[in-house]
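This report concerns only the one structure given below.
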Amino acid sequence: MSDRDDFLAWVKSDLHDAEVALHNGDAAPRRALWSRNEPVSVLGAWRSAFGQYELNDLFESLERQFSDCTSYSFELLSYDIVGDVAYTAGREHTSTSVDGQPRSYILRATQVYRREDGQWKVFHRHADTVQQEG
């Protein structure tokens, strides 16, 4: 497999599964895919974070808010790899409960990754709401 094929396989498996887990109230798989090296940042649809301390606080907060994910899909619109840096841009389609209330929404999401010790790690995320459903 090529580097691009390996990266896409990772996006469609580990990264996808981590997002489903988060929306079911378990942030550990997502946290495992994020870099432990600075800088890290999130410009989020609901909340932003800069640095490890704020990132950990954000993930803990999301873990408490989300539950009962009934569907999650990532519509990949664009991606590229240049050396040890990659990005994805697309739309996340999610149906989950937020603070116990069912919600469906679509986010535009761009993430940037760096290869650390041979593994892809997220170090930046930007997401905003496209639309809310139901």
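Residues in the structure tokens are numbered from 1 in each chain, the chains being A, B, ... in the order shown, and ligands are numbered from 1 in the order shown.
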
Item to check | Residue set, chain A restricted to helix (DSSP H, G or I), as a count of residues only | outcome: 41

Checklist entry - Counting only C-alpha atoms, what is within 10 Å of Gln119 of chain A, bar same-chain residues fewer than 5 positions away, as an NGL selection string? => result :A and (7 or 10 or 33 or 35 or 84 or 113-114)

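Closest approach to Tyr72 of chain A from the set A:Phe59, A:Tyr87, A:Tyr53, A:Tyr105 is made by A:Tyr105, with distances taken over only C-alpha atoms.
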
Contacts of His126 of chain A within 9 Å, only C-alpha atoms, excl. fewer than 3 positions in-chain, as a JSON list (two decimals) with C-alpha atoms, in the first residue's frame:
```json
[["chain", "number", "residue", "atom", "x", "y", "z"],
["A", 41, "SER", "CA", -5.25, 23.43, 18.97],
["A", 42, "VAL", "CA", -8.97, 23.15, 18.36],
["A", 43, "LEU", "CA", -11.11, 25.88, 16.85],
["A", 44, "GLY", "CA", -14.33, 24.11, 17.63],
["A", 45, "ALA", "CA", -17.94, 24.45, 16.65],
["A", 48, "SER", "CA", -11.88, 26.10, 21.31],
["A", 108, "ARG", "CA", -17.46, 21.26, 8.33],
["A", 109, "ALA", "CA", -14.25, 19.83, 9.74],
["A", 110, "THR", "CA", -10.62, 20.29, 8.80],
["A", 111, "GLN", "CA", -7.91, 18.43, 10.70],
["A", 112, "VAL", "CA", -4.14, 18.59, 10.40]]
```

Please list as a CSV table (one decimal) with C-alpha atoms, in the first residue's frame every residue within 8 Å of Leu62 of chain A, counting only C-alpha atoms and excluding residues in the same chain fewer than 3 positions away.
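The result, written out as selection-v9.csv:
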```csv
chain,number,residue,atom,x,y,z
A,22,LEU,CA,-16.5,10.2,21.6
A,25,GLY,CA,-19.3,9.4,25.7
A,27,ALA,CA,-13.0,10.4,24.7
A,58,LEU,CA,-12.2,20.0,26.2
A,59,PHE,CA,-12.2,16.2,25.6
A,65,GLN,CA,-21.9,15.9,27.1
A,66,PHE,CA,-22.2,13.2,24.4
```

Next on the checklist: Which residue is closest to Thr88 of chain A? Choose from A:Ala127, A:Asp117, A:Ser2, A:Phe50 and count only C-alpha atoms.
Outcome noted: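 Checking each of A:Ala127, A:Asp117, A:Ser2, A:Phe50 against Thr88 of chain A, counting only C-alpha atoms, the winner is A:Ala127.
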
Checklist entry - If you count only C-alpha atoms, which residues fall within 8 Å of Phe74 of chain A, apart from same-chain ones fewer than 5 positions away, as a ChimeraX atom specification? => result /A:16,90-93

Could you save the residues just selected, with N, CA and C atoms, as a compact mmCIF listing (two decimals), in the first residue's frame?
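Full text of again.txt as output:
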```txt
# COMPACT_ATOMS: atom_id res chain seq x y z
N HIS A 16 -12.22 7.26 12.45
CA HIS A 16 -13.68 7.13 12.44
C HIS A 16 -14.17 6.51 13.75
N GLY A 90 -13.66 17.90 5.29
CA GLY A 90 -14.90 17.24 4.92
C GLY A 90 -16.04 17.66 5.81
N ARG A 91 -17.10 16.85 5.74
CA ARG A 91 -18.29 17.11 6.55
C ARG A 91 -18.55 15.91 7.45
N GLU A 92 -18.79 16.21 8.72
CA GLU A 92 -19.15 15.18 9.69
C GLU A 92 -20.67 15.21 9.88
N HIS A 93 -21.31 14.09 9.63
CA HIS A 93 -22.76 13.95 9.80
C HIS A 93 -22.98 13.13 11.06
```

Item to check | Gap from atom CA of Ala86 of chain A to atom CA of Asp5 of chain A - Å, one decimal | outcome: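 We find that atom CA of Ala86 of chain A and atom CA of Asp5 of chain A lie 12.6 Å from each other.
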
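Here atom CA of Pro102 of chain A and atom CA of Leu15 of chain A stand 23.1 Å from one another.
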
Checklist entry - Could you work out how far atom CA of Ala89 of chain A lies from atom CA of Leu76 of chain A, giving the answer in Å with one decimal? => result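 According to the coordinates, atom CA of Leu76 of chain A and atom CA of Ala89 of chain A are separated by 6.2 Å.
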
Item to check | Contacts of Ala21 of chain A within 9 Å, only C-alpha atoms, excl. fewer than 6 positions in-chain, as a PyMOL selection string | outcome: chain A and resi 27-30+69

Export, as a PDB file, in the first residue's frame, the selected residues with N, CA and C atoms.
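Output below, filename result_32.pdb:
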```
ATOM      1  N   ALA A  27     -14.045   9.589  25.386  1.00  0.00           N
ATOM      2  CA  ALA A  27     -13.045  10.400  24.690  1.00  0.00           C
ATOM      3  C   ALA A  27     -11.679   9.719  24.603  1.00  0.00           C
ATOM      4  N   ALA A  28     -11.469   8.608  25.294  1.00  0.00           N
ATOM      5  CA  ALA A  28     -10.141   7.972  25.326  1.00  0.00           C
ATOM      6  C   ALA A  28      -9.615   7.612  23.935  1.00  0.00           C
ATOM      7  N   PRO A  29     -10.410   7.003  23.058  1.00  0.00           N
ATOM      8  CA  PRO A  29      -9.878   6.693  21.723  1.00  0.00           C
ATOM      9  C   PRO A  29      -9.493   7.945  20.929  1.00  0.00           C
ATOM     10  N   ARG A  30     -10.264   9.012  21.060  1.00  0.00           N
ATOM     11  CA  ARG A  30      -9.906  10.252  20.361  1.00  0.00           C
ATOM     12  C   ARG A  30      -8.608  10.814  20.943  1.00  0.00           C
ATOM     13  N   CYS A  69     -24.800   7.744  20.485  1.00  0.00           N
ATOM     14  CA  CYS A  69     -24.596   8.049  19.063  1.00  0.00           C
ATOM     15  C   CYS A  69     -25.337   7.020  18.217  1.00  0.00           C
TER      16      CYS A  69
END
```

Checklist entry - In terms of the shortest atom-to-atom distance over only C-alpha atoms, which of A:Asn37, A:Asn24, A:Gln52, A:Ser73 is closest to Thr94 of chain A? => result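 For Thr94 of chain A, the nearest of the candidates is A:Ser73.
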